[in-house]
Amino acid sequence: MFSTMVCTPRLVLTGASGWFGRTALWEYEQIHGPEALRRDVIACASSAKEIEIGSPYGPVQAVGLDALDKIDYANGLIHLAFLTRDRVAEFGVERYIKENRAITARVADLIVRNPGIPIITTSSGAAAVFDSGEADHISNPYAALKQEEENLWRISGAERMAAVFRVYAASGRFIKDPKLFALGDFLSRALAGDRIEIRSERPVIRSYVHVGTMMRLFWAMLAAPSKAGFRRVNAVLHNLSLVELAEVISEHWGLPDPIYRIDPSLPADDYRGDSTLFLQLLQEYAIDVPGLAEQLQETALHMHASSH
């Protein structure tokens, strides 16, 4: 059985200005309305700022991450604040580790000051590389630090629901730097009316999650948390090869068949997870899942709008 919050929610969201954070805010407004979003959710970003989510009711005001130090009345936490992998080159390994650990330490203090509250965070499929061995912070600081946060959630799960969702690849509104990833690159080509070409010669397989669906699940889990305990979930809706993804996009946008020269004898670039538990949770919490074409259309529409 689930327990249900009976008081007015005070829900903490870190990383509120990022792709996932903005989606979380947008989804909460769709579910509960603009007044509830601005009343219930404490949005935290790297600094105090207004966050645009495409709402007719205007932006959402976020507090700086240092405001976490004063919060001791929270009902739930969604932790999305993390310096992404691309910041390693900008910061250097030592500073990158220091900055991320400082974020994690602030969140750990918040968790201690708010005993029993349900907590949810996102991790990365990349963290799996250290599942059976000691994390190497020098060769792969991003994955190693994600493992550290997963361990914080594991320890915290002794007295609360503590859920970690590993993300492999994603679709949805507010996608950042779409051309960095195959899905965004394919959609950019489709929007331009260009035929999609896959440059990799070896098979590439990816796990995709729709960020909006994931965030609706997160809010539902905070509203009706399961019993205390740690769970790690692969956030996966679809396992697709790049060829399959390109074919779906090409068909939906009326493009010629994609061009590719895949050599099946080459070792696959296989970055995917088992979707079983994630799909079970969506069913358990009665979360509707848009079809793949709808997910791609939403992603493309936002890309088109943000480029004009």
# chains A, B, ... in the order shown; residues from 1 in each chain; ligands from 1

call {"tool": "closest_atom_pairs", "arguments": {"of": "stretch 213-292 of chain A", "to": "stretch 22-35 of chain A", "cutoff": "8 Å", "atoms": "only C-alpha atoms", "output": "tab-separated table"}}
result
residue	atom	partner	partner_atom	distance
A:Met215	CA	A:Ala24	CA	5.3
A:Arg216	CA	A:Glu27	CA	6.3
A:Trp219	CA	A:Tyr28	CA	7.4

call {"tool": "closest_atom_pairs", "arguments": {"of": "stretch 214-262 of chain A", "to": "stretch 71-95 of chain A", "cutoff": "9 Å", "atoms": "only C-alpha atoms", "output": "CSV"}}
result
residue,atom,partner,partner_atom,distance
A:Phe218,CA,A:Ile78,CA,7.5
A:Trp219,CA,A:Ile78,CA,8.5
A:Leu222,CA,A:Gly76,CA,6.0
A:Ala223,CA,A:Gly76,CA,8.3

call {"tool": "atom_distance", "arguments": {"atom1": "atom CA of A:Ser55", "atom2": "atom CA of A:Val211"}}
result
17.5 Å

call {"tool": "closest_residue", "arguments": {"among": "A:Pro178, A:Pro9, A:Pro225, A:Gly133", "to": "A:Gly116", "atoms": "only C-alpha atoms"}}
result
A:Pro225

call {"tool": "atom_distance", "arguments": {"atom1": "atom CA of A:Arg113", "atom2": "atom CA of A:Trp153"}}
result
14.8 Å

call {"tool": "select_by_dssp", "arguments": {"residues": "stretch 161-284 of chain A", "states": "alpha helix (DSSP H)", "output": "number ranges by chain"}}
result
A: 182-191, 211-223, 242-252, 276-284

call {"tool": "residues_around", "arguments": {"residues": "A:Ile103", "least_positions_apart": "6", "cutoff": "12 Å", "atoms": "only C-alpha atoms", "output": "list in words"}}
result
Thr14, Gly15, Cys44, Ala45, Ser46, Gly64, Leu65, Asp66, Ala67, Leu68, Asp69, His79, Leu80, Ala81, Phe82, Leu83, Tyr96, Ile97, Asp109, Leu110, Leu145, Lys146, Glu148 and Glu149 of chain A

call {"tool": "residues_around", "arguments": {"residues": "stretch 246-254 of chain A", "least_positions_apart": "4", "cutoff": "12 Å", "atoms": "only C-alpha atoms", "output": "PDB file with N, CA and C atoms, in the first residue's frame"}}
result
ATOM      1  N   ALA A 182      22.220  11.587 -31.414  1.00  0.00           N
ATOM      2  CA  ALA A 182      21.676  11.077 -32.675  1.00  0.00           C
ATOM      3  C   ALA A 182      20.216  11.477 -32.854  1.00  0.00           C
ATOM      4  N   LEU A 183      19.400  11.344 -31.800  1.00  0.00           N
ATOM      5  CA  LEU A 183      17.983  11.662 -31.940  1.00  0.00           C
ATOM      6  C   LEU A 183      17.787  13.110 -32.360  1.00  0.00           C
ATOM      7  N   GLY A 184      18.478  14.032 -31.693  1.00  0.00           N
ATOM      8  CA  GLY A 184      18.354  15.440 -32.047  1.00  0.00           C
ATOM      9  C   GLY A 184      18.878  15.739 -33.435  1.00  0.00           C
ATOM     10  N   ASP A 185      19.975  15.093 -33.797  1.00  0.00           N
ATOM     11  CA  ASP A 185      20.549  15.295 -35.127  1.00  0.00           C
ATOM     12  C   ASP A 185      19.579  14.798 -36.206  1.00  0.00           C
ATOM     13  N   PHE A 186      18.991  13.621 -35.983  1.00  0.00           N
ATOM     14  CA  PHE A 186      18.037  13.081 -36.956  1.00  0.00           C
ATOM     15  C   PHE A 186      16.821  14.002 -37.090  1.00  0.00           C
ATOM     16  N   LEU A 187      16.330  14.508 -35.957  1.00  0.00           N
ATOM     17  CA  LEU A 187      15.163  15.395 -36.009  1.00  0.00           C
ATOM     18  C   LEU A 187      15.502  16.717 -36.681  1.00  0.00           C
ATOM     19  N   SER A 188      16.700  17.219 -36.455  1.00  0.00           N
ATOM     20  CA  SER A 188      17.122  18.453 -37.125  1.00  0.00           C
ATOM     21  C   SER A 188      17.116  18.269 -38.632  1.00  0.00           C
ATOM     22  N   ARG A 189      17.602  17.115 -39.074  1.00  0.00           N
ATOM     23  CA  ARG A 189      17.602  16.825 -40.516  1.00  0.00           C
ATOM     24  C   ARG A 189      16.170  16.711 -41.049  1.00  0.00           C
ATOM     25  N   ALA A 190      15.315  16.047 -40.248  1.00  0.00           N
ATOM     26  CA  ALA A 190      13.929  15.880 -40.680  1.00  0.00           C
ATOM     27  C   ALA A 190      13.223  17.226 -40.809  1.00  0.00           C
ATOM     28  N   LEU A 191      13.450  18.111 -39.846  1.00  0.00           N
ATOM     29  CA  LEU A 191      12.822  19.434 -39.893  1.00  0.00           C
ATOM     30  C   LEU A 191      13.301  20.247 -41.089  1.00  0.00           C
ATOM     31  N   ALA A 192      14.528  19.979 -41.527  1.00  0.00           N
ATOM     32  CA  ALA A 192      15.069  20.672 -42.702  1.00  0.00           C
ATOM     33  C   ALA A 192      14.679  19.974 -44.004  1.00  0.00           C
ATOM     34  N   GLY A 193      13.996  18.829 -43.880  1.00  0.00           N
ATOM     35  CA  GLY A 193      13.602  18.075 -45.069  1.00  0.00           C
ATOM     36  C   GLY A 193      14.730  17.291 -45.693  1.00  0.00           C
ATOM     37  N   ASP A 194      15.787  17.046 -44.922  1.00  0.00           N
ATOM     38  CA  ASP A 194      16.957  16.353 -45.445  1.00  0.00           C
ATOM     39  C   ASP A 194      16.885  14.852 -45.139  1.00  0.00           C
ATOM     40  N   ARG A 195      17.387  14.085 -46.062  1.00  0.00           N
ATOM     41  CA  ARG A 195      17.461  12.642 -45.846  1.00  0.00           C
ATOM     42  C   ARG A 195      18.457  12.337 -44.730  1.00  0.00           C
ATOM     43  N   ILE A 196      18.103  11.402 -43.857  1.00  0.00           N
ATOM     44  CA  ILE A 196      18.955  11.060 -42.722  1.00  0.00           C
ATOM     45  C   ILE A 196      20.040  10.092 -43.168  1.00  0.00           C
ATOM     46  N   GLU A 197      21.270  10.391 -42.737  1.00  0.00           N
ATOM     47  CA  GLU A 197      22.387   9.498 -43.013  1.00  0.00           C
ATOM     48  C   GLU A 197      23.052   9.105 -41.700  1.00  0.00           C
ATOM     49  N   ILE A 198      23.238   7.798 -41.507  1.00  0.00           N
ATOM     50  CA  ILE A 198      23.909   7.289 -40.309  1.00  0.00           C
ATOM     51  C   ILE A 198      25.364   7.050 -40.655  1.00  0.00           C
ATOM     52  N   ARG A 199      26.261   7.698 -39.931  1.00  0.00           N
ATOM     53  CA  ARG A 199      27.673   7.626 -40.260  1.00  0.00           C
ATOM     54  C   ARG A 199      28.387   6.421 -39.644  1.00  0.00           C
ATOM     55  N   VAL A 204      24.491   0.414 -33.617  1.00  0.00           N
ATOM     56  CA  VAL A 204      24.366   1.262 -32.432  1.00  0.00           C
ATOM     57  C   VAL A 204      22.965   1.085 -31.868  1.00  0.00           C
ATOM     58  N   ILE A 205      22.870   0.764 -30.580  1.00  0.00           N
ATOM     59  CA  ILE A 205      21.591   0.523 -29.923  1.00  0.00           C
ATOM     60  C   ILE A 205      21.497   1.433 -28.701  1.00  0.00           C
ATOM     61  N   LEU A 240      16.067   0.908 -29.156  1.00  0.00           N
ATOM     62  CA  LEU A 240      16.061   1.051 -30.607  1.00  0.00           C
ATOM     63  C   LEU A 240      17.482   1.117 -31.142  1.00  0.00           C
ATOM     64  N   SER A 241      17.701   0.500 -32.295  1.00  0.00           N
ATOM     65  CA  SER A 241      18.942   0.758 -33.019  1.00  0.00           C
ATOM     66  C   SER A 241      18.809   2.112 -33.708  1.00  0.00           C
ATOM     67  N   LEU A 242      19.936   2.711 -34.066  1.00  0.00           N
ATOM     68  CA  LEU A 242      19.869   3.986 -34.771  1.00  0.00           C
ATOM     69  C   LEU A 242      19.179   3.842 -36.123  1.00  0.00           C
ATOM     70  N   PRO A 258      16.433   6.169 -44.796  1.00  0.00           N
ATOM     71  CA  PRO A 258      17.758   6.637 -44.376  1.00  0.00           C
ATOM     72  C   PRO A 258      18.882   5.898 -45.092  1.00  0.00           C
ATOM     73  N   ILE A 259      20.030   6.556 -45.169  1.00  0.00           N
ATOM     74  CA  ILE A 259      21.225   5.967 -45.769  1.00  0.00           C
ATOM     75  C   ILE A 259      22.112   5.438 -44.639  1.00  0.00           C
ATOM     76  N   TYR A 260      22.539   4.207 -44.767  1.00  0.00           N
ATOM     77  CA  TYR A 260      23.459   3.657 -43.758  1.00  0.00           C
ATOM     78  C   TYR A 260      24.254   2.512 -44.370  1.00  0.00           C
ATOM     79  N   GLY A 291       2.860   7.668 -27.481  1.00  0.00           N
ATOM     80  CA  GLY A 291       3.537   6.800 -28.423  1.00  0.00           C
ATOM     81  C   GLY A 291       4.859   7.399 -28.874  1.00  0.00           C
ATOM     82  N   LEU A 292       5.706   6.570 -29.465  1.00  0.00           N
ATOM     83  CA  LEU A 292       7.023   7.032 -29.890  1.00  0.00           C
ATOM     84  C   LEU A 292       6.914   8.195 -30.868  1.00  0.00           C
ATOM     85  N   ALA A 293       6.003   8.105 -31.824  1.00  0.00           N
ATOM     86  CA  ALA A 293       5.844   9.186 -32.804  1.00  0.00           C
ATOM     87  C   ALA A 293       5.461  10.496 -32.116  1.00  0.00           C
ATOM     88  N   GLU A 294       4.601  10.406 -31.109  1.00  0.00           N
ATOM     89  CA  GLU A 294       4.188  11.610 -30.377  1.00  0.00           C
ATOM     90  C   GLU A 294       5.359  12.200 -29.589  1.00  0.00           C
ATOM     91  N   GLN A 295       6.175  11.337 -29.005  1.00  0.00           N
ATOM     92  CA  GLN A 295       7.359  11.806 -28.281  1.00  0.00           C
ATOM     93  C   GLN A 295       8.311  12.550 -29.223  1.00  0.00           C
ATOM     94  N   LEU A 296       8.516  11.973 -30.403  1.00  0.00           N
ATOM     95  CA  LEU A 296       9.409  12.599 -31.375  1.00  0.00           C
ATOM     96  C   LEU A 296       8.838  13.921 -31.878  1.00  0.00           C
ATOM     97  N   GLN A 297       7.528  13.953 -32.093  1.00  0.00           N
ATOM     98  CA  GLN A 297       6.881  15.177 -32.560  1.00  0.00           C
ATOM     99  C   GLN A 297       7.026  16.289 -31.524  1.00  0.00           C
ATOM    100  N   THR A 299       9.377  16.613 -29.249  1.00  0.00           N
ATOM    101  CA  THR A 299      10.779  17.026 -29.245  1.00  0.00           C
ATOM    102  C   THR A 299      11.073  17.943 -30.421  1.00  0.00           C
ATOM    103  N   ALA A 300      10.616  17.563 -31.586  1.00  0.00           N
ATOM    104  CA  ALA A 300      10.878  18.344 -32.801  1.00  0.00           C
ATOM    105  C   ALA A 300      10.188  19.710 -32.760  1.00  0.00           C
TER     106      ALA A 300
END

call {"tool": "closest_atom_pairs", "arguments": {"of": "stretch 156-226 of chain A", "to": "stretch 277-288 of chain A", "cutoff": "8 Å", "atoms": "only C-alpha atoms", "output": "Markdown table"}}
result
| residue | atom | partner | partner_atom | distance |
| --- | --- | --- | --- | --- |
| A:Thr213 | CA | A:Ile287 | CA | 7.3 |
| A:Arg216 | CA | A:Ile287 | CA | 7.1 |
| A:Leu217 | CA | A:Ile287 | CA | 6.5 |
| A:Ala220 | CA | A:Tyr285 | CA | 6.7 |
| A:Met221 | CA | A:Tyr285 | CA | 7.6 |

call {"tool": "atom_distance", "arguments": {"atom1": "atom CA of A:Thr122", "atom2": "atom CA of A:Glu150"}}
result
8.9 Å

call {"tool": "residues_around", "arguments": {"residues": "A:Ala126", "least_positions_apart": "3", "cutoff": "8 Å", "atoms": "only C-alpha atoms", "output": "count of residues only"}}
result
3
